[in-house]
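Pasting entry26.json here (JSON, C-alpha atoms):
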[["chain", "number", "residue", "atom", "x", "y", "z"],
["N", 1, "MET", "CA", 122.99, -84.11, 64.90],
["N", 2, "ILE", "CA", 126.21, -82.33, 65.97],
["N", 3, "LYS", "CA", 126.08, -79.39, 68.35],
["N", 4, "LYS", "CA", 127.91, -76.37, 66.96],
["N", 5, "SER", "CA", 127.81, -74.26, 70.12],
["N", 6, "LEU", "CA", 128.31, -74.87, 73.81],
["N", 7, "THR", "CA", 125.88, -72.13, 74.87],
["N", 8, "ALA", "CA", 122.52, -73.20, 76.20],
["N", 9, "ALA", "CA", 120.65, -70.27, 74.69],
["N", 10, "HIS", "CA", 121.46, -67.56, 72.19],
["N", 11, "SER", "CA", 119.50, -64.90, 74.03],
["N", 12, "LYS", "CA", 121.37, -61.91, 75.44],
["N", 13, "ALA", "CA", 118.60, -61.20, 77.95],
["N", 14, "THR", "CA", 118.84, -62.54, 81.47],
["N", 15, "LYS", "CA", 116.08, -64.65, 82.88],
["N", 16, "ALA", "CA", 114.42, -63.94, 86.21],
["N", 17, "ASP", "CA", 115.27, -66.26, 89.07],
["N", 18, "ASN", "CA", 112.05, -66.56, 91.05],
["N", 19, "ARG", "CA", 113.22, -69.12, 93.60],
["N", 20, "PRO", "CA", 112.29, -67.97, 97.11],
["N", 21, "SER", "CA", 115.89, -68.35, 98.31],
["N", 22, "ALA", "CA", 117.21, -66.16, 95.48],
["N", 23, "VAL", "CA", 114.58, -63.50, 96.13],
["N", 24, "ALA", "CA", 115.33, -63.54, 99.87],
["N", 25, "MET", "CA", 119.08, -63.20, 99.26],
["N", 26, "GLY", "CA", 118.49, -60.26, 96.89],
["N", 27, "ILE", "CA", 116.25, -58.47, 99.36],
["N", 28, "THR", "CA", 118.70, -59.10, 102.20],
["N", 29, "ALA", "CA", 121.62, -57.75, 100.15],
["N", 30, "GLY", "CA", 119.59, -54.68, 99.21],
["N", 31, "ILE", "CA", 118.69, -53.96, 102.83],
["N", 32, "ILE", "CA", 122.32, -54.36, 103.96],
["N", 33, "PHE", "CA", 123.52, -52.04, 101.18],
["N", 34, "ALA", "CA", 120.89, -49.41, 102.08],
["N", 35, "LEU", "CA", 121.81, -49.58, 105.78],
["N", 36, "ILE", "CA", 125.49, -49.08, 104.99],
["N", 37, "VAL", "CA", 124.76, -46.02, 102.82],
["N", 38, "ILE", "CA", 122.39, -44.54, 105.42],
["N", 39, "GLY", "CA", 124.96, -45.19, 108.15],
["N", 40, "ILE", "CA", 127.68, -43.37, 106.23],
["N", 41, "VAL", "CA", 125.40, -40.38, 105.64],
["N", 42, "LEU", "CA", 124.34, -40.27, 109.30],
["N", 43, "LEU", "CA", 127.93, -40.49, 110.55],
["N", 44, "ASP", "CA", 128.86, -37.57, 108.31],
["N", 45, "ALA", "CA", 125.67, -35.54, 108.93],
["N", 46, "ALA", "CA", 127.40, -32.88, 111.07],
["N", 47, "ASN", "CA", 130.00, -32.20, 108.39],
["N", 48, "LEU", "CA", 127.36, -32.17, 105.66],
["N", 49, "TRP", "CA", 125.25, -29.69, 107.64],
["N", 50, "ARG", "CA", 128.26, -27.43, 108.25],
["N", 51, "ASP", "CA", 129.31, -27.47, 104.60],
["N", 52, "VAL", "CA", 125.81, -26.91, 103.17],
["N", 53, "SER", "CA", 125.15, -24.07, 105.65],
["N", 54, "GLY", "CA", 128.43, -22.39, 104.72],
["N", 55, "MET", "CA", 127.70, -22.81, 101.03],
["N", 56, "LEU", "CA", 124.23, -21.24, 101.37],
["N", 57, "GLN", "CA", 125.67, -18.38, 103.42],
["N", 58, "ASN", "CA", 128.31, -17.72, 100.75],
["N", 59, "ILE", "CA", 125.68, -17.74, 98.01],
["N", 60, "GLY", "CA", 123.61, -15.22, 100.01],
["N", 61, "VAL", "CA", 126.60, -12.91, 100.48],
["N", 62, "TYR", "CA", 127.43, -13.15, 96.77],
["N", 63, "TYR", "CA", 123.93, -12.12, 95.67],
["N", 64, "GLN", "CA", 123.67, -9.50, 98.41],
["N", 65, "HIS", "CA", 126.57, -7.69, 96.77],
["N", 66, "GLY", "CA", 125.08, -7.68, 93.29],
["N", 67, "GLY", "CA", 126.81, -10.80, 92.02],
["N", 68, "VAL", "CA", 130.31, -9.55, 92.87],
["N", 69, "ALA", "CA", 132.23, -11.38, 95.53],
["N", 70, "PRO", "CA", 133.17, -9.04, 98.44],
["N", 71, "GLU", "CA", 136.89, -9.68, 97.95],
["N", 72, "ASP", "CA", 136.64, -8.63, 94.28],
["N", 73, "ARG", "CA", 135.09, -5.20, 94.98],
["N", 74, "PRO", "CA", 137.27, -2.09, 94.78],
["N", 75, "LEU", "CA", 138.68, -0.89, 98.11],
["N", 76, "GLY", "CA", 136.37, 1.41, 100.05],
["N", 77, "GLU", "CA", 133.25, 0.31, 98.20],
["N", 78, "THR", "CA", 130.70, -1.16, 100.60],
["N", 79, "SER", "CA", 127.91, -2.04, 98.20],
["N", 80, "THR", "CA", 127.31, -2.23, 94.47],
["N", 81, "ARG", "CA", 123.64, -1.23, 94.87],
["N", 82, "SER", "CA", 122.56, 2.37, 94.21]]
What is this structure when it is put down as structure tokens?
Amino acid sequence: MIKKSLTAAHSKATKADNRPSAVAMGITAGIIFALIVIGIVLLDAANLWRDVSGMLQNIGVYYQHGGVAPEDRPLGETSTRS
């Protein structure tokens, strides 16, 4: 019998590797990745807070003026509400 293919299996699905060392390495890599992401977010928390607060304030001002940005209102007009 002559082998026609060098592949061990014709399946496109991956098989689970349940060896304890492989599982431990996967868990360790996941924890390290999560710590790096959390660290980046925590280091940038002050900037995120400033930007989100400013954004919410701008949204409030926009809706307070009837959906028209204050700089787009005609001169002398203080409010679009009647």
Please indicate the distance in Å from CA of Gly26 (chain N) to CA of Thr14 (chain N), rounded to one decimal place.
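Going from CA of Gly26 (chain N) over to CA of Thr14 (chain N), I get 15.6 Å.
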For CA of Tyr62 (chain N) and CA of Ala45 (chain N), determine how far apart the two atoms are, in Å to one decimal place.
25.5 Å
Mind giving me the straight-line distance from CA of Val61 (chain N) to CA of Ala46 (chain N) in Å, one decimal?
22.6 Å
